[in-house]
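Trainee: If you scroll down you'll find the structure; I have some questions about it.
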Amino acid sequence: MADAASRAEQRVALVRDRPEERYALAREFYRLAAGPAHRYGHAELSFTRWSLGRGVLAPESSDRPGSAWWRAVNERLLRDKTEARLLCDGAAGTASARSVEYWVDFLRGPAPDRWYRAHNASIVAGYLRYEALAAAEQQVERFMMNVALLRVLFTHAMLARPRLALGRFAAALGPRLADPRHRTVQMFLDLGRSFPAEYPVPLPVAETILDEHPLARMLDYGVIAPRLPALYAYSAASLEEPRLTTLLDAGVPAYAWPHEDRTIWYLGNTGPHLGAIARASGVRLLWGRNSSRGWNSRRGRDGGG
């Protein structure tokens with residue numbers, strides 16, 4: 001009889017080119033979970049629905065092919081969860097990855113911090129494994145990948161290390177908003193509130209950044225950005241994945257991102273209100289507002305996207 005890892009691979013292979021069935025498999029994990037574990041799927045399933053709507057999970061054979069990178073990272077998450085479910089149900093074998101072990105821990109003792117650790121371990125494993133696929137994507141898509149990563153790491157820290165994530169706001173916000181059992185967590189993890197629901201994104205990266213919803217931009221630049229080095233260091237330790245810290249370049253997101261383009265990240269760092277928000281939470285803005293001028297003068301180099 002095949003072990004849990006092989007069976008999980010076979011199960012995921014059946015839905016690989018069927019986006020709606022990918023979603024059904026993700027939802028099934030929570031619907032079939034015993035006890036309180038079924039309450040944890042809100043943010044993940046919301047993000048998957050957004051991905052479906054954008055078309056990034058569409059197969060290469062589709063009239064409008066999706067993204068090889070988004071499909072691969074989604075598949076890693078599905079495979080880890082499916083293998084953990086099989087192991088908990090008595091299938092043969094041992095966990096094939098640390099991320100699977102974390103999902104087993106979650107299923108055997110559901111808790112908010114355990115969910116984040118399992119989910120983020122699978123996502124980070126996918127990011128690290130498929131960086132070559134990410135590099136083939138448009139610049140604007142790679143920008144969104146980095147935002148998705150820093151948001152999910154931040155939301156975990158909101159729950160597990162609220163002072164690190166929110167400073168003086170920790171007592172008023174923190175764990176209550178980040179609890180994955182509640183729909184409020186979607187405010188932080190649903191990129192549909194921040195970016196276009198199209199693939200490929202039709203706008204150049206500068207317009208996409210500046211069109212981000214003002215509240216989302218305040219979160220990304222006023223609260224999260226000044227904390228990125230500490231946030232990635234905490235997440236690397238929590239997930240036992242030291243390579244995670246290499247996805248920053250002197251505090252700037254750097255996943256599939258060349259050093260010469262790092263100043264693009266400063267584009268959204270505009271307005272005195274962002275500095276005020278950062279100071280109110282106990283930090284200072286990490287990136288200078290004027291640092292993007294050099295990039296603006298050459299933004300047409302790769303078509304802006």
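Order determines the names: the first chain of the structure tokens is A, the second B, and so forth; residues in each chain are numbered 1 upward, and ligands are numbered 1 upward as they are shown.
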Using only C-alpha atoms, which residues sit within 10 Å of Glu28 (chain A) once same-chain residues fewer than 4 positions away are excluded, as an NGL selection string?
Mentor: :A and (22-24 or 32-33 or 38 or 41 or 82)
Trainee: As a list of chain:residue names, please: the residues near Tyr199 (chain A) (cut-off 8 Å, only C-alpha atoms, same-chain neighbours under 5 positions excluded).
Mentor: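 The contact residues come out as A:Arg54, A:Gly55, A:Val56, A:Gly66.
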Trainee: Could the residues in this selection be saved with C-alpha atoms as a compact mmCIF listing (two decimals), in the first residue's frame?
Mentor:
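Output file part.txt is given in full below:
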# COMPACT_ATOMS: atom_id res chain seq x y z
CA ARG A 54 -7.95 36.11 -11.19
CA GLY A 55 -7.36 32.97 -13.24
CA VAL A 56 -3.88 32.26 -11.85
CA GLY A 66 -2.68 30.94 -15.40
Trainee: Considering only alpha helix (DSSP H) as DSSP defines it on the backbone, what residues of region 45-116 of chain A qualify? List them as a short mmCIF file (atom, residue, chain, number, x, y, z; two decimals) with all heavy atoms, in the first residue's frame.
Mentor:
data_model
loop_
_atom_site.label_atom_id
_atom_site.label_comp_id
_atom_site.auth_asym_id
_atom_site.auth_seq_id
_atom_site.Cartn_x
_atom_site.Cartn_y
_atom_site.Cartn_z
N LEU A 45 -9.31 30.03 2.35
CA LEU A 45 -10.30 29.80 1.30
C LEU A 45 -10.67 31.10 0.59
O LEU A 45 -10.92 31.10 -0.62
CB LEU A 45 -11.54 29.12 1.89
CG LEU A 45 -11.28 27.73 2.48
CD1 LEU A 45 -12.56 27.15 3.06
CD2 LEU A 45 -10.70 26.78 1.43
N SER A 46 -10.70 32.20 1.33
CA SER A 46 -10.96 33.49 0.70
C SER A 46 -9.85 33.82 -0.30
O SER A 46 -10.12 34.28 -1.42
CB SER A 46 -11.06 34.57 1.76
OG SER A 46 -11.19 35.85 1.17
N PHE A 47 -8.60 33.58 0.09
CA PHE A 47 -7.48 33.84 -0.81
C PHE A 47 -7.55 32.94 -2.04
O PHE A 47 -7.27 33.37 -3.16
CB PHE A 47 -6.16 33.63 -0.08
CG PHE A 47 -4.96 34.12 -0.84
CD1 PHE A 47 -4.48 35.40 -0.65
CD2 PHE A 47 -4.31 33.29 -1.75
CE1 PHE A 47 -3.38 35.87 -1.36
CE2 PHE A 47 -3.22 33.75 -2.46
CZ PHE A 47 -2.75 35.04 -2.27
N THR A 48 -7.95 31.68 -1.84
CA THR A 48 -8.05 30.76 -2.96
C THR A 48 -9.16 31.18 -3.92
O THR A 48 -9.00 31.09 -5.15
CB THR A 48 -8.29 29.32 -2.47
OG1 THR A 48 -7.27 28.96 -1.54
CG2 THR A 48 -8.28 28.34 -3.63
N ARG A 49 -10.27 31.68 -3.38
CA ARG A 49 -11.34 32.18 -4.26
C ARG A 49 -10.85 33.37 -5.07
O ARG A 49 -11.16 33.49 -6.26
CB ARG A 49 -12.56 32.56 -3.42
CG ARG A 49 -13.33 31.38 -2.86
CD ARG A 49 -14.68 31.81 -2.32
NE ARG A 49 -14.56 32.71 -1.18
CZ ARG A 49 -14.48 32.31 0.08
NH1 ARG A 49 -14.51 31.02 0.38
NH2 ARG A 49 -14.39 33.18 1.06
N TRP A 50 -10.08 34.25 -4.45
CA TRP A 50 -9.50 35.38 -5.18
C TRP A 50 -8.57 34.88 -6.29
O TRP A 50 -8.59 35.40 -7.41
CB TRP A 50 -8.76 36.29 -4.20
CG TRP A 50 -8.07 37.46 -4.83
CD1 TRP A 50 -8.66 38.58 -5.34
CD2 TRP A 50 -6.66 37.64 -4.99
NE1 TRP A 50 -7.69 39.44 -5.81
CE2 TRP A 50 -6.47 38.91 -5.61
CE3 TRP A 50 -5.54 36.87 -4.65
CZ2 TRP A 50 -5.19 39.39 -5.91
CZ3 TRP A 50 -4.28 37.36 -4.95
CH2 TRP A 50 -4.11 38.60 -5.58
N SER A 51 -7.78 33.88 -5.99
CA SER A 51 -6.87 33.31 -6.99
C SER A 51 -7.65 32.70 -8.15
O SER A 51 -7.27 32.86 -9.32
CB SER A 51 -5.98 32.24 -6.33
OG SER A 51 -5.19 32.79 -5.31
N LEU A 52 -8.74 32.02 -7.83
CA LEU A 52 -9.59 31.46 -8.88
C LEU A 52 -10.15 32.55 -9.77
O LEU A 52 -10.15 32.45 -10.99
CB LEU A 52 -10.74 30.67 -8.26
CG LEU A 52 -10.45 29.27 -7.73
CD1 LEU A 52 -11.66 28.74 -6.96
CD2 LEU A 52 -10.10 28.32 -8.87
N GLY A 53 -10.64 33.61 -9.12
CA GLY A 53 -11.23 34.70 -9.88
C GLY A 53 -10.23 35.38 -10.80
O GLY A 53 -10.58 35.81 -11.91
N ARG A 54 -8.99 35.49 -10.36
CA ARG A 54 -7.95 36.11 -11.19
C ARG A 54 -7.56 35.22 -12.37
O ARG A 54 -7.05 35.70 -13.38
CB ARG A 54 -6.69 36.37 -10.37
CG ARG A 54 -6.80 37.42 -9.31
CD ARG A 54 -5.42 37.74 -8.77
NE ARG A 54 -4.61 38.38 -9.79
CZ ARG A 54 -3.29 38.20 -9.92
NH1 ARG A 54 -2.64 37.36 -9.12
NH2 ARG A 54 -2.62 38.83 -10.87
N ALA A 68 2.29 29.57 -13.58
CA ALA A 68 2.97 28.36 -13.12
C ALA A 68 3.37 28.51 -11.66
O ALA A 68 3.34 27.54 -10.89
CB ALA A 68 4.19 28.08 -13.99
N TRP A 69 3.76 29.72 -11.25
CA TRP A 69 4.20 29.94 -9.86
C TRP A 69 3.04 29.82 -8.88
O TRP A 69 3.14 29.09 -7.89
CB TRP A 69 4.86 31.30 -9.72
CG TRP A 69 5.41 31.52 -8.34
CD1 TRP A 69 6.65 31.16 -7.89
CD2 TRP A 69 4.73 32.11 -7.22
NE1 TRP A 69 6.79 31.50 -6.55
CE2 TRP A 69 5.63 32.09 -6.13
CE3 TRP A 69 3.47 32.67 -7.05
CZ2 TRP A 69 5.28 32.60 -4.87
CZ3 TRP A 69 3.12 33.18 -5.80
CH2 TRP A 69 4.02 33.14 -4.73
N TRP A 70 1.95 30.52 -9.13
CA TRP A 70 0.81 30.45 -8.20
C TRP A 70 0.26 29.03 -8.11
O TRP A 70 -0.13 28.57 -7.04
CB TRP A 70 -0.29 31.42 -8.64
CG TRP A 70 -0.01 32.86 -8.36
CD1 TRP A 70 0.32 33.83 -9.28
CD2 TRP A 70 -0.05 33.53 -7.09
NE1 TRP A 70 0.50 35.04 -8.65
CE2 TRP A 70 0.27 34.88 -7.31
CE3 TRP A 70 -0.32 33.10 -5.79
CZ2 TRP A 70 0.32 35.83 -6.28
CZ3 TRP A 70 -0.28 34.04 -4.76
CH2 TRP A 70 0.04 35.38 -5.01
N ARG A 71 0.23 28.33 -9.23
CA ARG A 71 -0.24 26.94 -9.20
C ARG A 71 0.68 26.08 -8.35
O ARG A 71 0.22 25.25 -7.55
CB ARG A 71 -0.31 26.37 -10.63
CG ARG A 71 -1.46 26.89 -11.46
CD ARG A 71 -1.71 25.99 -12.68
NE ARG A 71 -0.51 25.80 -13.49
CZ ARG A 71 -0.16 26.59 -14.50
NH1 ARG A 71 -0.92 27.61 -14.84
NH2 ARG A 71 0.94 26.35 -15.19
N ALA A 72 1.98 26.26 -8.50
CA ALA A 72 2.94 25.43 -7.77
C ALA A 72 2.86 25.68 -6.27
O ALA A 72 2.89 24.73 -5.47
CB ALA A 72 4.36 25.69 -8.28
N VAL A 73 2.78 26.93 -5.84
CA VAL A 73 2.70 27.24 -4.41
C VAL A 73 1.38 26.74 -3.83
O VAL A 73 1.35 26.18 -2.73
CB VAL A 73 2.89 28.74 -4.17
CG1 VAL A 73 2.67 29.10 -2.71
CG2 VAL A 73 4.29 29.18 -4.60
N ASN A 74 0.30 26.93 -4.57
CA ASN A 74 -0.99 26.40 -4.11
C ASN A 74 -0.94 24.89 -3.99
O ASN A 74 -1.48 24.31 -3.03
CB ASN A 74 -2.08 26.83 -5.09
CG ASN A 74 -3.42 26.19 -4.81
OD1 ASN A 74 -3.78 25.18 -5.43
ND2 ASN A 74 -4.16 26.76 -3.88
N GLU A 75 -0.28 24.24 -4.93
CA GLU A 75 -0.19 22.79 -4.90
C GLU A 75 0.61 22.30 -3.69
O GLU A 75 0.27 21.28 -3.08
CB GLU A 75 0.43 22.28 -6.20
CG GLU A 75 0.42 20.77 -6.33
CD GLU A 75 0.76 20.31 -7.73
OE1 GLU A 75 0.25 20.91 -8.70
OE2 GLU A 75 1.54 19.34 -7.85
N ARG A 76 1.68 23.01 -3.34
CA ARG A 76 2.45 22.63 -2.16
C ARG A 76 1.59 22.66 -0.90
O ARG A 76 1.63 21.75 -0.07
CB ARG A 76 3.65 23.56 -2.00
CG ARG A 76 4.48 23.33 -0.71
CD ARG A 76 5.02 21.90 -0.65
NE ARG A 76 5.63 21.61 0.63
CZ ARG A 76 6.95 21.59 0.85
NH1 ARG A 76 7.79 21.88 -0.14
NH2 ARG A 76 7.44 21.27 2.04
N LEU A 77 0.78 23.69 -0.77
CA LEU A 77 -0.11 23.79 0.39
C LEU A 77 -1.12 22.64 0.39
O LEU A 77 -1.33 22.00 1.43
CB LEU A 77 -0.82 25.14 0.36
CG LEU A 77 -1.87 25.40 1.44
CD1 LEU A 77 -1.25 25.34 2.83
CD2 LEU A 77 -2.55 26.75 1.21
N LEU A 78 -1.73 22.37 -0.75
CA LEU A 78 -2.71 21.29 -0.83
C LEU A 78 -2.07 19.94 -0.50
O LEU A 78 -2.66 19.11 0.21
CB LEU A 78 -3.31 21.24 -2.24
CG LEU A 78 -4.29 22.33 -2.63
CD1 LEU A 78 -4.69 22.15 -4.09
CD2 LEU A 78 -5.52 22.31 -1.74
N ARG A 79 -0.88 19.71 -1.03
CA ARG A 79 -0.22 18.42 -0.82
C ARG A 79 0.15 18.22 0.64
O ARG A 79 -0.05 17.14 1.21
CB ARG A 79 1.01 18.32 -1.71
CG ARG A 79 1.64 16.92 -1.74
CD ARG A 79 2.66 16.80 -2.85
NE ARG A 79 3.75 17.76 -2.70
CZ ARG A 79 3.96 18.78 -3.54
NH1 ARG A 79 3.18 18.98 -4.57
NH2 ARG A 79 4.98 19.61 -3.34
N ASP A 80 0.69 19.25 1.28
CA ASP A 80 1.05 19.14 2.69
C ASP A 80 -0.16 18.83 3.56
O ASP A 80 -0.12 17.97 4.44
CB ASP A 80 1.70 20.44 3.18
CG ASP A 80 3.13 20.61 2.68
OD1 ASP A 80 3.67 19.67 2.07
OD2 ASP A 80 3.70 21.68 2.93
N LYS A 81 -1.24 19.54 3.31
CA LYS A 81 -2.46 19.33 4.11
C LYS A 81 -3.05 17.94 3.88
O LYS A 81 -3.48 17.27 4.82
CB LYS A 81 -3.50 20.39 3.76
CG LYS A 81 -3.17 21.79 4.24
CD LYS A 81 -4.00 22.85 3.55
CE LYS A 81 -5.48 22.56 3.61
NZ LYS A 81 -6.26 23.58 2.90
N THR A 82 -3.05 17.52 2.62
CA THR A 82 -3.62 16.21 2.31
C THR A 82 -2.79 15.10 2.95
O THR A 82 -3.35 14.14 3.51
CB THR A 82 -3.68 16.02 0.78
OG1 THR A 82 -4.49 17.05 0.21
CG2 THR A 82 -4.27 14.67 0.43
N GLU A 83 -1.48 15.21 2.89
CA GLU A 83 -0.63 14.20 3.52
C GLU A 83 -0.83 14.17 5.03
O GLU A 83 -0.93 13.08 5.64
CB GLU A 83 0.84 14.49 3.21
CG GLU A 83 1.80 13.45 3.80
CD GLU A 83 3.25 13.76 3.52
OE1 GLU A 83 3.54 14.57 2.62
OE2 GLU A 83 4.11 13.20 4.24
N ALA A 84 -0.93 15.33 5.65
CA ALA A 84 -1.16 15.37 7.10
C ALA A 84 -2.49 14.74 7.47
O ALA A 84 -2.58 13.99 8.46
CB ALA A 84 -1.11 16.82 7.58
N ARG A 85 -3.51 15.02 6.69
CA ARG A 85 -4.83 14.41 6.94
C ARG A 85 -4.76 12.89 6.87
O ARG A 85 -5.32 12.17 7.71
CB ARG A 85 -5.81 14.95 5.91
CG ARG A 85 -7.19 14.33 5.87
CD ARG A 85 -8.09 14.97 6.90
NE ARG A 85 -7.98 14.32 8.19
CZ ARG A 85 -8.30 14.88 9.34
NH1 ARG A 85 -8.72 16.13 9.38
NH2 ARG A 85 -8.21 14.22 10.47
N LEU A 86 -4.07 12.37 5.86
CA LEU A 86 -3.93 10.93 5.71
C LEU A 86 -3.16 10.32 6.88
O LEU A 86 -3.53 9.26 7.40
CB LEU A 86 -3.22 10.61 4.39
CG LEU A 86 -4.04 10.88 3.12
CD1 LEU A 86 -3.14 10.87 1.89
CD2 LEU A 86 -5.15 9.84 2.97
N LEU A 87 -2.09 10.96 7.30
CA LEU A 87 -1.31 10.46 8.44
C LEU A 87 -2.16 10.41 9.70
O LEU A 87 -2.11 9.44 10.47
CB LEU A 87 -0.08 11.33 8.66
CG LEU A 87 1.04 11.18 7.62
CD1 LEU A 87 2.09 12.27 7.81
CD2 LEU A 87 1.69 9.80 7.71
N CYS A 88 -2.96 11.44 9.92
CA CYS A 88 -3.82 11.47 11.10
C CYS A 88 -4.92 10.42 11.03
O CYS A 88 -5.44 9.99 12.06
CB CYS A 88 -4.42 12.86 11.29
SG CYS A 88 -3.23 14.10 11.84
N ARG A 98 8.91 19.13 7.10
CA ARG A 98 8.60 19.77 8.37
C ARG A 98 7.22 20.44 8.32
O ARG A 98 6.48 20.44 9.30
CB ARG A 98 9.68 20.81 8.70
CG ARG A 98 9.48 21.53 10.02
CD ARG A 98 9.52 20.59 11.22
NE ARG A 98 10.74 19.84 11.28
CZ ARG A 98 11.87 20.27 11.86
NH1 ARG A 98 11.90 21.47 12.42
NH2 ARG A 98 12.94 19.51 11.88
N SER A 99 6.87 21.00 7.17
CA SER A 99 5.57 21.64 7.05
C SER A 99 4.43 20.64 7.24
O SER A 99 3.39 20.97 7.81
CB SER A 99 5.44 22.32 5.68
OG SER A 99 5.82 21.46 4.63
N VAL A 100 4.62 19.41 6.79
CA VAL A 100 3.60 18.36 7.02
C VAL A 100 3.50 18.04 8.51
O VAL A 100 2.40 17.87 9.06
CB VAL A 100 3.92 17.10 6.20
CG1 VAL A 100 2.91 15.99 6.51
CG2 VAL A 100 3.93 17.41 4.71
N GLU A 101 4.64 17.98 9.18
CA GLU A 101 4.63 17.75 10.63
C GLU A 101 3.82 18.83 11.34
O GLU A 101 3.06 18.53 12.28
CB GLU A 101 6.05 17.75 11.17
CG GLU A 101 6.91 16.57 10.70
CD GLU A 101 8.34 16.66 11.23
OE1 GLU A 101 8.64 17.64 11.98
OE2 GLU A 101 9.14 15.78 10.91
N TYR A 102 3.97 20.06 10.91
CA TYR A 102 3.22 21.15 11.53
C TYR A 102 1.72 21.00 11.31
O TYR A 102 0.92 21.30 12.20
CB TYR A 102 3.69 22.49 10.98
CG TYR A 102 5.07 22.91 11.41
CD1 TYR A 102 5.81 23.80 10.64
CD2 TYR A 102 5.66 22.42 12.57
CE1 TYR A 102 7.08 24.21 11.01
CE2 TYR A 102 6.93 22.81 12.96
CZ TYR A 102 7.64 23.70 12.18
OH TYR A 102 8.90 24.10 12.55
N TRP A 103 1.32 20.53 10.12
CA TRP A 103 -0.10 20.30 9.87
C TRP A 103 -0.63 19.14 10.73
O TRP A 103 -1.76 19.19 11.22
CB TRP A 103 -0.36 20.02 8.39
CG TRP A 103 -0.42 21.25 7.54
CD1 TRP A 103 0.47 21.63 6.59
CD2 TRP A 103 -1.41 22.27 7.58
NE1 TRP A 103 0.08 22.83 6.03
CE2 TRP A 103 -1.07 23.24 6.62
CE3 TRP A 103 -2.58 22.44 8.34
CZ2 TRP A 103 -1.84 24.38 6.39
CZ3 TRP A 103 -3.36 23.59 8.11
CH2 TRP A 103 -2.99 24.53 7.16
N VAL A 104 0.18 18.13 10.91
CA VAL A 104 -0.22 17.03 11.80
C VAL A 104 -0.43 17.55 13.22
O VAL A 104 -1.42 17.22 13.90
CB VAL A 104 0.81 15.89 11.76
CG1 VAL A 104 0.52 14.85 12.86
CG2 VAL A 104 0.82 15.21 10.40
N ASP A 105 0.51 18.38 13.68
CA ASP A 105 0.37 18.97 15.01
C ASP A 105 -0.93 19.77 15.13
O ASP A 105 -1.62 19.71 16.15
CB ASP A 105 1.56 19.90 15.31
CG ASP A 105 2.85 19.15 15.54
OD1 ASP A 105 2.80 17.92 15.78
OD2 ASP A 105 3.92 19.78 15.49
N PHE A 106 -1.24 20.52 14.08
CA PHE A 106 -2.47 21.31 14.10
C PHE A 106 -3.71 20.41 14.18
O PHE A 106 -4.62 20.66 14.98
CB PHE A 106 -2.55 22.20 12.86
CG PHE A 106 -3.92 22.78 12.62
CD1 PHE A 106 -4.40 23.80 13.43
CD2 PHE A 106 -4.74 22.28 11.62
CE1 PHE A 106 -5.68 24.33 13.23
CE2 PHE A 106 -6.00 22.80 11.40
CZ PHE A 106 -6.48 23.82 12.21
N LEU A 107 -3.76 19.38 13.35
CA LEU A 107 -4.93 18.51 13.33
C LEU A 107 -5.11 17.78 14.67
O LEU A 107 -6.24 17.54 15.10
CB LEU A 107 -4.81 17.51 12.19
CG LEU A 107 -5.00 18.09 10.78
CD1 LEU A 107 -4.66 17.03 9.72
CD2 LEU A 107 -6.42 18.59 10.59
N ARG A 108 -4.02 17.44 15.31
CA ARG A 108 -4.11 16.72 16.58
C ARG A 108 -4.39 17.64 17.76
O ARG A 108 -4.85 17.17 18.81
CB ARG A 108 -2.83 15.93 16.81
CG ARG A 108 -2.69 14.74 15.85
CD ARG A 108 -1.36 14.02 16.01
NE ARG A 108 -1.32 12.82 15.16
CZ ARG A 108 -0.24 12.11 14.92
NH1 ARG A 108 0.93 12.46 15.47
NH2 ARG A 108 -0.29 11.03 14.14
N PRO A 112 -4.81 28.50 17.17
CA PRO A 112 -4.48 29.54 16.19
C PRO A 112 -3.00 29.59 15.82
O PRO A 112 -2.66 29.67 14.63
CB PRO A 112 -4.94 30.83 16.88
CG PRO A 112 -6.09 30.38 17.74
CD PRO A 112 -5.66 29.03 18.25
N ASP A 113 -2.12 29.55 16.80
CA ASP A 113 -0.69 29.63 16.49
C ASP A 113 -0.24 28.41 15.70
O ASP A 113 0.60 28.54 14.79
CB ASP A 113 0.11 29.74 17.79
CG ASP A 113 1.59 29.97 17.51
OD1 ASP A 113 1.92 30.90 16.76
OD2 ASP A 113 2.42 29.22 18.05
N ARG A 114 -0.79 27.25 15.99
CA ARG A 114 -0.42 26.05 15.24
C ARG A 114 -0.90 26.13 13.79
O ARG A 114 -0.22 25.64 12.87
CB ARG A 114 -0.98 24.80 15.91
CG ARG A 114 -0.27 24.44 17.19
CD ARG A 114 -0.76 23.10 17.73
NE ARG A 114 0.02 22.69 18.91
CZ ARG A 114 -0.07 21.50 19.48
NH1 ARG A 114 -0.90 20.58 18.98
NH2 ARG A 114 0.68 21.21 20.52
N TRP A 115 -2.06 26.73 13.58
CA TRP A 115 -2.54 26.88 12.20
C TRP A 115 -1.60 27.77 11.41
O TRP A 115 -1.21 27.44 10.29
CB TRP A 115 -3.95 27.46 12.15
CG TRP A 115 -4.45 27.58 10.75
CD1 TRP A 115 -5.06 26.59 10.00
CD2 TRP A 115 -4.33 28.72 9.88
NE1 TRP A 115 -5.32 27.06 8.73
CE2 TRP A 115 -4.89 28.35 8.64
CE3 TRP A 115 -3.81 30.00 10.04
CZ2 TRP A 115 -4.94 29.24 7.55
CZ3 TRP A 115 -3.85 30.88 8.96
CH2 TRP A 115 -4.42 30.50 7.74
N TYR A 116 -1.25 28.92 11.96
CA TYR A 116 -0.34 29.82 11.26
C TYR A 116 1.00 29.15 10.98
O TYR A 116 1.57 29.30 9.89
CB TYR A 116 -0.10 31.09 12.07
CG TYR A 116 -1.15 32.15 11.86
CD1 TYR A 116 -2.02 32.51 12.87
CD2 TYR A 116 -1.27 32.81 10.63
CE1 TYR A 116 -2.98 33.49 12.70
CE2 TYR A 116 -2.22 33.79 10.44
CZ TYR A 116 -3.07 34.13 11.48
OH TYR A 116 -4.03 35.10 11.28
#
Trainee: So that I can check the surroundings of Ser238 (chain A), please list as JSON, numbers by chain every protein, DNA and RNA residue that reaches within 10 Å of it, counting only C-alpha atoms and ignoring chain neighbours fewer than 6 positions away.
Mentor: {"A": [117, 120, 121, 157, 160, 232]}
